[in-house]
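Input: a single structure, listed below in structure tokens.
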Amino acid sequence: MIPTTHVLILSAALFSIGVLGVMLRRNVIVIFMSIELMLNAVNLSFVGFAREMDSMTGVIFIFFIIVVAAAEAVVGLSIILSIYRNRQTLNVDEYNLLKW
Amino acid sequence: MFMLPELIIVLTAFVVLLLDLFFAEEQKKILPVLALIGVLIAMGNVIFWMPEQGVVFGGRFVFDSLGAWFKLIFLAASGATILLSWDRLVGKVSDAGSRLEHPGEFYSILLFTLSGMMFLISARDLVTLYVSLELATIPLFVLVAWKRENAFSGEAGLKYVILGILSSAVLIYGLGILYALGGSMVLEEIGKNLSPSPAFWLATALIVAGIGFKLALVPFHMWAADVYQGAPTPITAHLSVASKSAGLALMFLLFFRVLGPAVSEWNGFLAILATITMTLGNGVAIVQQNIKRFMAFSSISQAGYLIMGFIGPFPEGMPAMIFYLLAYLFTNLLVFAVIVFYANETGAEAISDYRGLSRTNPLMALAMMIGLFSLAGIPPLSGFVGKFFLFSVASKAGLHWLVAVAAVNSTVSLYYYLRIVRQMYIEPAEENAVRLPVSPVLASTVGLTLLGTVLVGILPGFYENIAQSVAAAEWWSIGR
């Protein structure tokens, strides 16, 4: 059986990759995918914790996180679509109307 | 039945959404009335049940008097947002760019975020807390990006949605660690089982980052100015009051019920957070030219004063924070009501556009001045009384330097609030400036919030009332 520590290390690594993706990538769709990666890393950590404690509640929580992530993806992608129609670009560096 | 206020709001949201399908364009003008009636009935309900305690769903949802105060604040802020957006949605504005489309969807989405906030303060386990928090935030992304053809609104929505999901991912990662350390989903039990350890501090750091985003505390405030500027102005008002109150509700839940028993001393950390938040908010507000951006930094510095209430001898800070939130609600909405009125008629958002407002619309200029003075903390007004209670919490904890910093900051804030007053009263009006018409809805909004701004400060016994109901709710009984 895989030790829980390994699950948690994998989850932390995925989460960090997600954070780096949000900070370093410039395409807004890729940024969005990185955020989804972070949420899935959280799901993985819940699986690890729930298995370690032998409790079902942590696993149930994952379903709620998945549903919420889907709702967020719907809203986020539709906002991306509407801004793409206005600006014809997906590069976040060019979304610079609002600044100091 | 203690969930009735929330259920009324959700029901109203669906009724508004459904009626929007069947109504002709002309009939849609009664949709804001319906939404407002729903909010008022829910408000009556909350007031009716205020002294009682109720548990629903086996302790996952709890109605108590402290939660009732928060619910009243959410309801009042959303009711005011309905009033502020009324003219824009029914098309009674002179400036075409200020008009908002789709009243049915707008009001139902606004009511959904309201219901999420109301569920949030009653949540007593992690699942309810997370789901209601997201119910409160996701509709706000949509509202910020409401003007589809406007590039500013879309950009603000995009920035808000990306940083909003990022912050909730960080928060949920912290909650996951708490679940593992506490071995339970119930907030009380997690609180009992926690003890300081490296994993606990990691979870605390992640949670502070998540909450800091919702409250716009300083290292996590970057989104606020852009989102406030790009969003439709009534939604900016909603963000600065209701969404900030929801952030405070989240902080109440996680700090007082979960992290509190394990952390013996967080005064120093919170004092530093409050200091940088108010100082940076004030410092940057001085140089702003756009009034909505200006209000964003003003509200960041207000959040800095607000979290001083967490410092403590504990039960004292709670009523002080709720009182300040009430004062801030009326004051900030008063200022935003005048901003919405001016933008509705002229579309202008720069501070310099307000020049000579006292010549053309003296009453509106006077209302704005009272609102700004209350934000700065000039004595008889509610903003001063609220600050007084917050500062006295910090001083009772022995953090006199923090009180000094906060006092200096509120003097600095007077300087930049007076910049707007100077534009309105000292600068001459434009040559061809005419008196702008005030719609009855906005006039009554200004009247109501003005009444609140003045009365909350001078009504005797108001603060004691809050303090009593907070003490009755027994939020700080665990582990002490």
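Chain identifiers are assigned as A, B, and so on, following the order in which chains appear in the structure tokens; residues are numbered from 1 within each chain, and ligands are numbered from 1 in order of appearance.
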
Select, as a PDB file with N, CA and C atoms, in the first residue's frame, those residues of chain A with any atom no more than 9 Å from chain B (distances computed using only C-alpha atoms).
ATOM      1  N   PHE A  15       0.084  21.040  -6.365  1.00  0.00           N
ATOM      2  CA  PHE A  15      -0.399  22.357  -5.958  1.00  0.00           C
ATOM      3  C   PHE A  15       0.631  23.425  -6.310  1.00  0.00           C
ATOM      4  N   VAL A  19       0.395  26.689  -8.740  1.00  0.00           N
ATOM      5  CA  VAL A  19       0.683  28.081  -8.351  1.00  0.00           C
ATOM      6  C   VAL A  19       1.688  28.694  -9.314  1.00  0.00           C
ATOM      7  N   VAL A  22       0.078  29.584 -12.593  1.00  0.00           N
ATOM      8  CA  VAL A  22      -0.707  30.824 -12.541  1.00  0.00           C
ATOM      9  C   VAL A  22       0.220  32.029 -12.620  1.00  0.00           C
ATOM     10  N   ILE A  31      -3.597  29.525 -17.574  1.00  0.00           N
ATOM     11  CA  ILE A  31      -3.722  29.954 -16.176  1.00  0.00           C
ATOM     12  C   ILE A  31      -4.921  29.269 -15.538  1.00  0.00           C
ATOM     13  N   PHE A  32      -5.996  29.216 -16.297  1.00  0.00           N
ATOM     14  CA  PHE A  32      -7.199  28.585 -15.781  1.00  0.00           C
ATOM     15  C   PHE A  32      -6.985  27.107 -15.503  1.00  0.00           C
ATOM     16  N   ILE A  35      -5.151  26.575 -12.329  1.00  0.00           N
ATOM     17  CA  ILE A  35      -5.984  26.685 -11.130  1.00  0.00           C
ATOM     18  C   ILE A  35      -6.754  25.386 -10.907  1.00  0.00           C
ATOM     19  N   GLU A  36      -7.251  24.798 -12.009  1.00  0.00           N
ATOM     20  CA  GLU A  36      -7.956  23.519 -11.866  1.00  0.00           C
ATOM     21  C   GLU A  36      -7.002  22.460 -11.311  1.00  0.00           C
ATOM     22  N   MET A  38      -4.594  23.027  -9.240  1.00  0.00           N
ATOM     23  CA  MET A  38      -4.500  23.262  -7.797  1.00  0.00           C
ATOM     24  C   MET A  38      -5.682  22.636  -7.072  1.00  0.00           C
ATOM     25  N   LEU A  39      -6.893  22.828  -7.633  1.00  0.00           N
ATOM     26  CA  LEU A  39      -8.071  22.257  -6.961  1.00  0.00           C
ATOM     27  C   LEU A  39      -7.992  20.736  -6.930  1.00  0.00           C
ATOM     28  N   ALA A  41      -5.234  18.999  -6.860  1.00  0.00           N
ATOM     29  CA  ALA A  41      -4.229  18.655  -5.855  1.00  0.00           C
ATOM     30  C   ALA A  41      -4.866  18.637  -4.469  1.00  0.00           C
ATOM     31  N   VAL A  42      -5.767  19.606  -4.215  1.00  0.00           N
ATOM     32  CA  VAL A  42      -6.478  19.625  -2.937  1.00  0.00           C
ATOM     33  C   VAL A  42      -7.316  18.358  -2.785  1.00  0.00           C
ATOM     34  N   ASN A  43      -8.004  17.973  -3.876  1.00  0.00           N
ATOM     35  CA  ASN A  43      -8.798  16.738  -3.835  1.00  0.00           C
ATOM     36  C   ASN A  43      -7.939  15.551  -3.454  1.00  0.00           C
ATOM     37  N   SER A  45      -5.197  15.531  -1.753  1.00  0.00           N
ATOM     38  CA  SER A  45      -4.818  15.553  -0.339  1.00  0.00           C
ATOM     39  C   SER A  45      -5.987  15.097   0.528  1.00  0.00           C
ATOM     40  N   PHE A  46      -7.208  15.431   0.123  1.00  0.00           N
ATOM     41  CA  PHE A  46      -8.365  14.953   0.888  1.00  0.00           C
ATOM     42  C   PHE A  46      -8.461  13.427   0.831  1.00  0.00           C
ATOM     43  N   PHE A  49      -5.861  12.064   3.270  1.00  0.00           N
ATOM     44  CA  PHE A  49      -6.258  12.236   4.669  1.00  0.00           C
ATOM     45  C   PHE A  49      -7.397  11.276   5.023  1.00  0.00           C
ATOM     46  N   ALA A  50      -8.386  11.183   4.127  1.00  0.00           N
ATOM     47  CA  ALA A  50      -9.549  10.343   4.426  1.00  0.00           C
ATOM     48  C   ALA A  50      -9.129   8.888   4.558  1.00  0.00           C
ATOM     49  N   GLU A  52      -6.138   7.774   5.425  1.00  0.00           N
ATOM     50  CA  GLU A  52      -5.346   7.633   6.651  1.00  0.00           C
ATOM     51  C   GLU A  52      -6.272   7.527   7.868  1.00  0.00           C
ATOM     52  N   MET A  53      -7.321   8.330   7.885  1.00  0.00           N
ATOM     53  CA  MET A  53      -8.213   8.337   9.051  1.00  0.00           C
ATOM     54  C   MET A  53      -9.311   7.314   8.924  1.00  0.00           C
ATOM     55  N   SER A  55     -12.002   7.507   7.202  1.00  0.00           N
ATOM     56  CA  SER A  55     -13.308   8.151   7.367  1.00  0.00           C
ATOM     57  C   SER A  55     -13.835   8.559   5.999  1.00  0.00           C
ATOM     58  N   THR A  57     -16.011  11.072   5.345  1.00  0.00           N
ATOM     59  CA  THR A  57     -16.415  12.462   5.137  1.00  0.00           C
ATOM     60  C   THR A  57     -15.460  13.203   4.198  1.00  0.00           C
ATOM     61  N   GLY A  58     -14.158  12.903   4.313  1.00  0.00           N
ATOM     62  CA  GLY A  58     -13.204  13.575   3.448  1.00  0.00           C
ATOM     63  C   GLY A  58     -13.456  13.276   1.991  1.00  0.00           C
ATOM     64  N   ILE A  60     -16.374  12.499   0.721  1.00  0.00           N
ATOM     65  CA  ILE A  60     -17.600  13.202   0.315  1.00  0.00           C
ATOM     66  C   ILE A  60     -17.292  14.653  -0.050  1.00  0.00           C
ATOM     67  N   PHE A  61     -16.388  15.257   0.730  1.00  0.00           N
ATOM     68  CA  PHE A  61     -16.028  16.664   0.496  1.00  0.00           C
ATOM     69  C   PHE A  61     -15.540  16.850  -0.945  1.00  0.00           C
ATOM     70  N   PHE A  64     -18.077  17.779  -3.454  1.00  0.00           N
ATOM     71  CA  PHE A  64     -18.465  19.191  -3.402  1.00  0.00           C
ATOM     72  C   PHE A  64     -17.411  20.061  -4.086  1.00  0.00           C
ATOM     73  N   ILE A  65     -16.127  19.736  -3.854  1.00  0.00           N
ATOM     74  CA  ILE A  65     -15.075  20.543  -4.491  1.00  0.00           C
ATOM     75  C   ILE A  65     -15.162  20.419  -6.006  1.00  0.00           C
ATOM     76  N   VAL A  68     -18.091  22.524  -7.247  1.00  0.00           N
ATOM     77  CA  VAL A  68     -17.782  23.950  -7.186  1.00  0.00           C
ATOM     78  C   VAL A  68     -16.774  24.322  -8.265  1.00  0.00           C
ATOM     79  N   ALA A  69     -15.772  23.436  -8.490  1.00  0.00           N
ATOM     80  CA  ALA A  69     -14.777  23.729  -9.529  1.00  0.00           C
ATOM     81  C   ALA A  69     -15.446  23.796 -10.888  1.00  0.00           C
ATOM     82  N   ALA A  71     -18.543  24.719 -11.475  1.00  0.00           N
ATOM     83  CA  ALA A  71     -19.279  25.992 -11.535  1.00  0.00           C
ATOM     84  C   ALA A  71     -18.325  27.141 -11.814  1.00  0.00           C
ATOM     85  N   GLU A  72     -17.165  27.102 -11.135  1.00  0.00           N
ATOM     86  CA  GLU A  72     -16.192  28.174 -11.359  1.00  0.00           C
ATOM     87  C   GLU A  72     -15.663  28.153 -12.781  1.00  0.00           C
ATOM     88  N   VAL A  75     -18.237  29.827 -15.102  1.00  0.00           N
ATOM     89  CA  VAL A  75     -18.226  31.290 -15.012  1.00  0.00           C
ATOM     90  C   VAL A  75     -16.935  31.844 -15.616  1.00  0.00           C
ATOM     91  N   GLY A  76     -15.794  31.227 -15.243  1.00  0.00           N
ATOM     92  CA  GLY A  76     -14.506  31.739 -15.706  1.00  0.00           C
ATOM     93  C   GLY A  76     -14.388  31.668 -17.219  1.00  0.00           C
ATOM     94  N   ILE A  79     -16.493  34.238 -18.955  1.00  0.00           N
ATOM     95  CA  ILE A  79     -15.904  35.583 -18.890  1.00  0.00           C
ATOM     96  C   ILE A  79     -14.742  35.690 -19.873  1.00  0.00           C
ATOM     97  N   ILE A  80     -13.931  34.613 -19.961  1.00  0.00           N
ATOM     98  CA  ILE A  80     -12.824  34.626 -20.931  1.00  0.00           C
ATOM     99  C   ILE A  80     -13.362  34.797 -22.347  1.00  0.00           C
ATOM    100  N   SER A  82     -16.162  36.241 -23.279  1.00  0.00           N
ATOM    101  CA  SER A  82     -16.671  37.591 -23.538  1.00  0.00           C
ATOM    102  C   SER A  82     -15.523  38.582 -23.681  1.00  0.00           C
ATOM    103  N   ILE A  83     -14.449  38.389 -22.916  1.00  0.00           N
ATOM    104  CA  ILE A  83     -13.334  39.339 -23.039  1.00  0.00           C
ATOM    105  C   ILE A  83     -12.585  39.078 -24.350  1.00  0.00           C
ATOM    106  N   ARG A  85     -13.964  38.242 -27.138  1.00  0.00           N
ATOM    107  CA  ARG A  85     -14.743  38.908 -28.195  1.00  0.00           C
ATOM    108  C   ARG A  85     -14.418  40.394 -28.252  1.00  0.00           C
ATOM    109  N   ASN A  86     -14.140  40.990 -27.072  1.00  0.00           N
ATOM    110  CA  ASN A  86     -13.817  42.416 -27.060  1.00  0.00           C
ATOM    111  C   ASN A  86     -12.409  42.686 -27.538  1.00  0.00           C
ATOM    112  N   ARG A  87     -11.466  41.847 -27.154  1.00  0.00           N
ATOM    113  CA  ARG A  87     -10.054  42.195 -27.293  1.00  0.00           C
ATOM    114  C   ARG A  87      -9.301  41.357 -28.308  1.00  0.00           C
ATOM    115  N   TYR A  95      -4.198  42.534 -21.229  1.00  0.00           N
ATOM    116  CA  TYR A  95      -5.380  43.009 -20.512  1.00  0.00           C
ATOM    117  C   TYR A  95      -4.918  44.088 -19.546  1.00  0.00           C
ATOM    118  N   ASN A  96      -4.639  45.264 -20.054  1.00  0.00           N
ATOM    119  CA  ASN A  96      -3.998  46.270 -19.203  1.00  0.00           C
ATOM    120  C   ASN A  96      -4.740  47.594 -19.197  1.00  0.00           C
ATOM    121  N   LEU A  97      -6.069  47.536 -19.364  1.00  0.00           N
ATOM    122  CA  LEU A  97      -6.821  48.794 -19.303  1.00  0.00           C
ATOM    123  C   LEU A  97      -6.848  49.344 -17.888  1.00  0.00           C
ATOM    124  N   LEU A  98      -6.944  48.426 -16.913  1.00  0.00           N
ATOM    125  CA  LEU A  98      -7.077  48.843 -15.530  1.00  0.00           C
ATOM    126  C   LEU A  98      -5.718  48.802 -14.859  1.00  0.00           C
ATOM    127  N   LYS A  99      -5.140  49.920 -14.599  1.00  0.00           N
ATOM    128  CA  LYS A  99      -3.915  49.966 -13.806  1.00  0.00           C
ATOM    129  C   LYS A  99      -3.786  51.340 -13.179  1.00  0.00           C
ATOM    130  N   TRP A 100      -2.681  51.543 -12.482  1.00  0.00           N
ATOM    131  CA  TRP A 100      -2.520  52.767 -11.691  1.00  0.00           C
ATOM    132  C   TRP A 100      -3.070  54.000 -12.372  1.00  0.00           C
TER     133      TRP A 100
END

Contacts of Leu259 in chain B within 12 Å, only C-alpha atoms, excl. fewer than 3 positions in-chain, as an MDAnalysis selection string: chainID B and resid 174:175 178 181:182 187:196 200:201 203:205 207:208 251:256 262:266 476 478:479

Near-Ile41 in chain B list (12 Å; only C-alpha atoms; drop same-chain fewer than 5 positions) as an mmCIF file with N, CA and C atoms, in the first residue's frame:
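The resulting file, selection12.cif, is reproduced below:
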data_model
loop_
_atom_site.group_PDB
_atom_site.id
_atom_site.type_symbol
_atom_site.label_atom_id
_atom_site.label_comp_id
_atom_site.auth_asym_id
_atom_site.auth_seq_id
_atom_site.Cartn_x
_atom_site.Cartn_y
_atom_site.Cartn_z
ATOM 1 N N LEU B 4 -35.535 29.815 7.518
ATOM 2 C CA LEU B 4 -36.530 30.508 6.700
ATOM 3 C C LEU B 4 -35.991 31.756 5.988
ATOM 4 N N PRO B 5 -35.225 32.639 6.645
ATOM 5 C CA PRO B 5 -34.755 33.821 5.907
ATOM 6 C C PRO B 5 -33.979 33.454 4.648
ATOM 7 N N GLU B 6 -33.099 32.457 4.754
ATOM 8 C CA GLU B 6 -32.328 32.030 3.580
ATOM 9 C C GLU B 6 -33.250 31.468 2.505
ATOM 10 N N LEU B 7 -34.232 30.642 2.966
ATOM 11 C CA LEU B 7 -35.133 30.027 1.992
ATOM 12 C C LEU B 7 -35.966 31.092 1.286
ATOM 13 N N ILE B 8 -36.375 32.130 2.027
ATOM 14 C CA ILE B 8 -37.150 33.214 1.392
ATOM 15 C C ILE B 8 -36.311 33.869 0.294
ATOM 16 N N ILE B 9 -35.020 34.108 0.604
ATOM 17 C CA ILE B 9 -34.165 34.755 -0.394
ATOM 18 C C ILE B 9 -33.994 33.874 -1.626
ATOM 19 N N LEU B 11 -36.005 31.523 -2.673
ATOM 20 C CA LEU B 11 -37.291 31.469 -3.363
ATOM 21 C C LEU B 11 -37.497 32.742 -4.187
ATOM 22 N N THR B 12 -37.213 33.905 -3.580
ATOM 23 C CA THR B 12 -37.377 35.167 -4.314
ATOM 24 C C THR B 12 -36.504 35.174 -5.560
ATOM 25 N N LEU B 34 -40.082 43.306 -6.495
ATOM 26 C CA LEU B 34 -40.211 41.952 -5.959
ATOM 27 C C LEU B 34 -38.979 41.557 -5.153
ATOM 28 N N ALA B 35 -37.804 41.813 -5.743
ATOM 29 C CA ALA B 35 -36.558 41.442 -5.051
ATOM 30 C C ALA B 35 -36.472 42.158 -3.709
ATOM 31 N N LEU B 36 -36.842 43.428 -3.723
ATOM 32 C CA LEU B 36 -36.758 44.214 -2.492
ATOM 33 C C LEU B 36 -37.739 43.697 -1.445
ATOM 34 N N VAL B 46 -35.533 37.682 10.301
ATOM 35 C CA VAL B 46 -34.304 37.619 11.111
ATOM 36 C C VAL B 46 -34.503 38.404 12.400
ATOM 37 N N ILE B 47 -35.118 39.604 12.294
ATOM 38 C CA ILE B 47 -35.313 40.421 13.497
ATOM 39 C C ILE B 47 -36.239 39.711 14.473
ATOM 40 N N PHE B 48 -37.288 39.049 13.926
ATOM 41 C CA PHE B 48 -38.267 38.353 14.754
ATOM 42 C C PHE B 48 -37.595 37.245 15.575
ATOM 43 N N LEU B 72 -28.453 40.572 9.069
ATOM 44 C CA LEU B 72 -29.082 41.876 8.856
ATOM 45 C C LEU B 72 -28.165 42.770 8.019
ATOM 46 N N LEU B 75 -28.316 41.593 4.435
ATOM 47 C CA LEU B 75 -29.606 41.926 3.826
ATOM 48 C C LEU B 75 -29.695 43.413 3.530
ATOM 49 N N ALA B 76 -29.240 44.243 4.497
ATOM 50 C CA ALA B 76 -29.312 45.691 4.286
ATOM 51 C C ALA B 76 -28.431 46.099 3.115
ATOM 52 N N GLY B 79 -30.108 44.959 -0.086
ATOM 53 C CA GLY B 79 -31.265 45.803 -0.359
ATOM 54 C C GLY B 79 -30.832 47.138 -0.930
#

Could you pull out the residues in range 116-293 of chain B that DSSP calls strand (DSSP E or B) from the backbone, as a list in words?
Ala123, Asp125, Val186 and Asn290 of chain B

Export of the given selection (all heavy atoms) as a PDB file, in the first residue's frame:
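What landed in part-v7.pdb:
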ATOM      1  N   ALA B 123     -22.901  28.474   9.016  1.00  0.00           N
ATOM      2  CA  ALA B 123     -22.278  27.163   8.766  1.00  0.00           C
ATOM      3  C   ALA B 123     -21.464  26.734   9.977  1.00  0.00           C
ATOM      4  O   ALA B 123     -20.789  27.538  10.606  1.00  0.00           O
ATOM      5  CB  ALA B 123     -21.392  27.247   7.539  1.00  0.00           C
ATOM      6  N   ASP B 125     -19.885  23.369   9.787  1.00  0.00           N
ATOM      7  CA  ASP B 125     -18.897  22.355   9.408  1.00  0.00           C
ATOM      8  C   ASP B 125     -18.256  22.755   8.089  1.00  0.00           C
ATOM      9  O   ASP B 125     -18.719  23.677   7.407  1.00  0.00           O
ATOM     10  CB  ASP B 125     -19.515  20.963   9.359  1.00  0.00           C
ATOM     11  CG  ASP B 125     -20.352  20.737   8.128  1.00  0.00           C
ATOM     12  OD1 ASP B 125     -20.912  21.736   7.637  1.00  0.00           O
ATOM     13  OD2 ASP B 125     -20.458  19.615   7.670  1.00  0.00           O
ATOM     14  N   VAL B 186     -16.572  18.960  11.672  1.00  0.00           N
ATOM     15  CA  VAL B 186     -17.311  19.919  12.490  1.00  0.00           C
ATOM     16  C   VAL B 186     -16.332  20.941  13.079  1.00  0.00           C
ATOM     17  O   VAL B 186     -15.306  20.566  13.659  1.00  0.00           O
ATOM     18  CB  VAL B 186     -18.064  19.194  13.621  1.00  0.00           C
ATOM     19  CG1 VAL B 186     -18.914  20.163  14.406  1.00  0.00           C
ATOM     20  CG2 VAL B 186     -18.919  18.092  13.040  1.00  0.00           C
ATOM     21  N   ASN B 290      -9.333  58.315 -10.061  1.00  0.00           N
ATOM     22  CA  ASN B 290     -10.656  57.750 -10.344  1.00  0.00           C
ATOM     23  C   ASN B 290     -11.379  57.504  -9.029  1.00  0.00           C
ATOM     24  O   ASN B 290     -10.804  56.918  -8.103  1.00  0.00           O
ATOM     25  CB  ASN B 290     -10.479  56.451 -11.116  1.00  0.00           C
ATOM     26  CG  ASN B 290     -11.788  55.785 -11.437  1.00  0.00           C
ATOM     27  OD1 ASN B 290     -12.522  55.367 -10.544  1.00  0.00           O
ATOM     28  ND2 ASN B 290     -12.102  55.684 -12.714  1.00  0.00           N
TER      29      ASN B 290
END

If you run DSSP on this backbone, which residues of chain A come out as helix (DSSP H, G or I), and could you give them as a PyMOL selection string? chain A and resi 4-24+28-53+57-87+92-94

Quick one: everything within 9 Å of range 457-463 of chain B, counting only C-alpha atoms, minus sequence neighbours fewer than 6 positions away in the same chain. Send it as a PDB file with all heavy atoms, in the first residue's frame.
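In the end it all went to around.pdb:
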ATOM      1  N   PRO B 319     -18.418  42.747  19.411  1.00  0.00           N
ATOM      2  CA  PRO B 319     -19.422  43.784  19.182  1.00  0.00           C
ATOM      3  C   PRO B 319     -18.824  45.024  18.532  1.00  0.00           C
ATOM      4  O   PRO B 319     -19.494  45.673  17.711  1.00  0.00           O
ATOM      5  CB  PRO B 319     -19.959  44.098  20.582  1.00  0.00           C
ATOM      6  CG  PRO B 319     -18.983  43.545  21.514  1.00  0.00           C
ATOM      7  CD  PRO B 319     -18.307  42.410  20.842  1.00  0.00           C
ATOM      8  N   ALA B 320     -17.551  45.333  18.853  1.00  0.00           N
ATOM      9  CA  ALA B 320     -16.931  46.513  18.234  1.00  0.00           C
ATOM     10  C   ALA B 320     -16.848  46.339  16.732  1.00  0.00           C
ATOM     11  O   ALA B 320     -17.121  47.275  15.970  1.00  0.00           O
ATOM     12  CB  ALA B 320     -15.537  46.743  18.822  1.00  0.00           C
ATOM     13  N   PHE B 323     -20.379  46.528  15.194  1.00  0.00           N
ATOM     14  CA  PHE B 323     -20.835  47.919  15.205  1.00  0.00           C
ATOM     15  C   PHE B 323     -20.142  48.704  14.093  1.00  0.00           C
ATOM     16  O   PHE B 323     -20.779  49.460  13.352  1.00  0.00           O
ATOM     17  CB  PHE B 323     -20.527  48.547  16.563  1.00  0.00           C
ATOM     18  CG  PHE B 323     -21.036  49.946  16.691  1.00  0.00           C
ATOM     19  CD1 PHE B 323     -22.323  50.195  17.122  1.00  0.00           C
ATOM     20  CD2 PHE B 323     -20.225  51.026  16.363  1.00  0.00           C
ATOM     21  CE1 PHE B 323     -22.795  51.481  17.225  1.00  0.00           C
ATOM     22  CE2 PHE B 323     -20.696  52.314  16.457  1.00  0.00           C
ATOM     23  CZ  PHE B 323     -21.986  52.544  16.890  1.00  0.00           C
ATOM     24  N   ALA B 327     -21.771  50.742  10.903  1.00  0.00           N
ATOM     25  CA  ALA B 327     -21.487  52.144  10.598  1.00  0.00           C
ATOM     26  C   ALA B 327     -20.899  52.270   9.199  1.00  0.00           C
ATOM     27  O   ALA B 327     -21.293  53.142   8.411  1.00  0.00           O
ATOM     28  CB  ALA B 327     -20.523  52.706  11.630  1.00  0.00           C
ATOM     29  N   PRO B 379     -16.199  63.472  14.733  1.00  0.00           N
ATOM     30  CA  PRO B 379     -16.971  63.041  15.892  1.00  0.00           C
ATOM     31  C   PRO B 379     -18.459  62.711  15.853  1.00  0.00           C
ATOM     32  O   PRO B 379     -18.731  61.554  16.088  1.00  0.00           O
ATOM     33  CB  PRO B 379     -16.634  64.100  16.928  1.00  0.00           C
ATOM     34  CG  PRO B 379     -15.224  64.343  16.658  1.00  0.00           C
ATOM     35  CD  PRO B 379     -15.079  64.255  15.154  1.00  0.00           C
ATOM     36  N   PRO B 380     -19.420  63.530  15.568  1.00  0.00           N
ATOM     37  CA  PRO B 380     -20.745  63.003  15.937  1.00  0.00           C
ATOM     38  C   PRO B 380     -21.207  61.842  15.061  1.00  0.00           C
ATOM     39  O   PRO B 380     -22.164  61.190  15.377  1.00  0.00           O
ATOM     40  CB  PRO B 380     -21.663  64.220  15.761  1.00  0.00           C
ATOM     41  CG  PRO B 380     -20.968  65.071  14.792  1.00  0.00           C
ATOM     42  CD  PRO B 380     -19.514  64.818  14.904  1.00  0.00           C
ATOM     43  N   LEU B 381     -20.505  61.589  13.959  1.00  0.00           N
ATOM     44  CA  LEU B 381     -21.005  60.615  12.988  1.00  0.00           C
ATOM     45  C   LEU B 381     -20.607  59.189  13.378  1.00  0.00           C
ATOM     46  O   LEU B 381     -19.711  58.962  14.191  1.00  0.00           O
ATOM     47  CB  LEU B 381     -20.452  60.960  11.605  1.00  0.00           C
ATOM     48  CG  LEU B 381     -20.879  62.352  11.147  1.00  0.00           C
ATOM     49  CD1 LEU B 381     -20.035  62.836  10.008  1.00  0.00           C
ATOM     50  CD2 LEU B 381     -22.344  62.328  10.752  1.00  0.00           C
ATOM     51  N   SER B 382     -21.300  58.215  12.764  1.00  0.00           N
ATOM     52  CA  SER B 382     -21.152  56.828  13.197  1.00  0.00           C
ATOM     53  C   SER B 382     -19.727  56.302  12.978  1.00  0.00           C
ATOM     54  O   SER B 382     -19.257  55.472  13.756  1.00  0.00           O
ATOM     55  CB  SER B 382     -22.153  55.958  12.456  1.00  0.00           C
ATOM     56  OG  SER B 382     -21.964  56.082  11.076  1.00  0.00           O
ATOM     57  N   GLY B 383     -19.056  56.780  11.916  1.00  0.00           N
ATOM     58  CA  GLY B 383     -17.701  56.293  11.657  1.00  0.00           C
ATOM     59  C   GLY B 383     -16.769  56.565  12.832  1.00  0.00           C
ATOM     60  O   GLY B 383     -15.926  55.736  13.175  1.00  0.00           O
ATOM     61  N   PHE B 384     -16.957  57.711  13.463  1.00  0.00           N
ATOM     62  CA  PHE B 384     -16.109  58.041  14.619  1.00  0.00           C
ATOM     63  C   PHE B 384     -16.379  57.093  15.776  1.00  0.00           C
ATOM     64  O   PHE B 384     -15.457  56.569  16.404  1.00  0.00           O
ATOM     65  CB  PHE B 384     -16.367  59.482  15.063  1.00  0.00           C
ATOM     66  CG  PHE B 384     -15.819  59.781  16.430  1.00  0.00           C
ATOM     67  CD1 PHE B 384     -14.459  59.971  16.607  1.00  0.00           C
ATOM     68  CD2 PHE B 384     -16.651  59.839  17.523  1.00  0.00           C
ATOM     69  CE1 PHE B 384     -13.951  60.217  17.860  1.00  0.00           C
ATOM     70  CE2 PHE B 384     -16.144  60.085  18.776  1.00  0.00           C
ATOM     71  CZ  PHE B 384     -14.789  60.276  18.951  1.00  0.00           C
ATOM     72  N   VAL B 385     -17.664  56.854  16.074  1.00  0.00           N
ATOM     73  CA  VAL B 385     -18.013  56.006  17.212  1.00  0.00           C
ATOM     74  C   VAL B 385     -17.480  54.596  16.976  1.00  0.00           C
ATOM     75  O   VAL B 385     -16.917  53.966  17.885  1.00  0.00           O
ATOM     76  CB  VAL B 385     -19.538  55.998  17.425  1.00  0.00           C
ATOM     77  CG1 VAL B 385     -19.891  55.273  18.695  1.00  0.00           C
ATOM     78  CG2 VAL B 385     -20.061  57.411  17.466  1.00  0.00           C
ATOM     79  N   GLY B 386     -17.634  54.108  15.736  1.00  0.00           N
ATOM     80  CA  GLY B 386     -17.120  52.774  15.410  1.00  0.00           C
ATOM     81  C   GLY B 386     -15.627  52.686  15.630  1.00  0.00           C
ATOM     82  O   GLY B 386     -15.124  51.737  16.239  1.00  0.00           O
TER      83      GLY B 386
END

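The gap separating CA of Val92 in chain A from CA of Ala73 in chain A is 17.5 Å, in Å to one decimal.
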
Open item on the list: Using only C-alpha atoms, which protein or nucleic acid residues come within 12 Å of Gly283 in chain B? Drop anything in the same chain fewer than 6 positions from it, and give the result as a PyMOL selection string.
Closed with: chain B and resi 275-277+294+297-298+300-301+408-416

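Proximity of A:Gly48, A:Asn40, A:Leu20, A:Asn27 to His6 in chain A, computed with only C-alpha atoms, is greatest for A:Gly48.
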
For this session: One decimal, Å: what's the distance from CA of Val90 in chain B over to CA of Val39 in chain B, could you say?
Result: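 Atom-to-atom, CA of Val90 in chain B to CA of Val39 in chain B, that is 19.2 Å.
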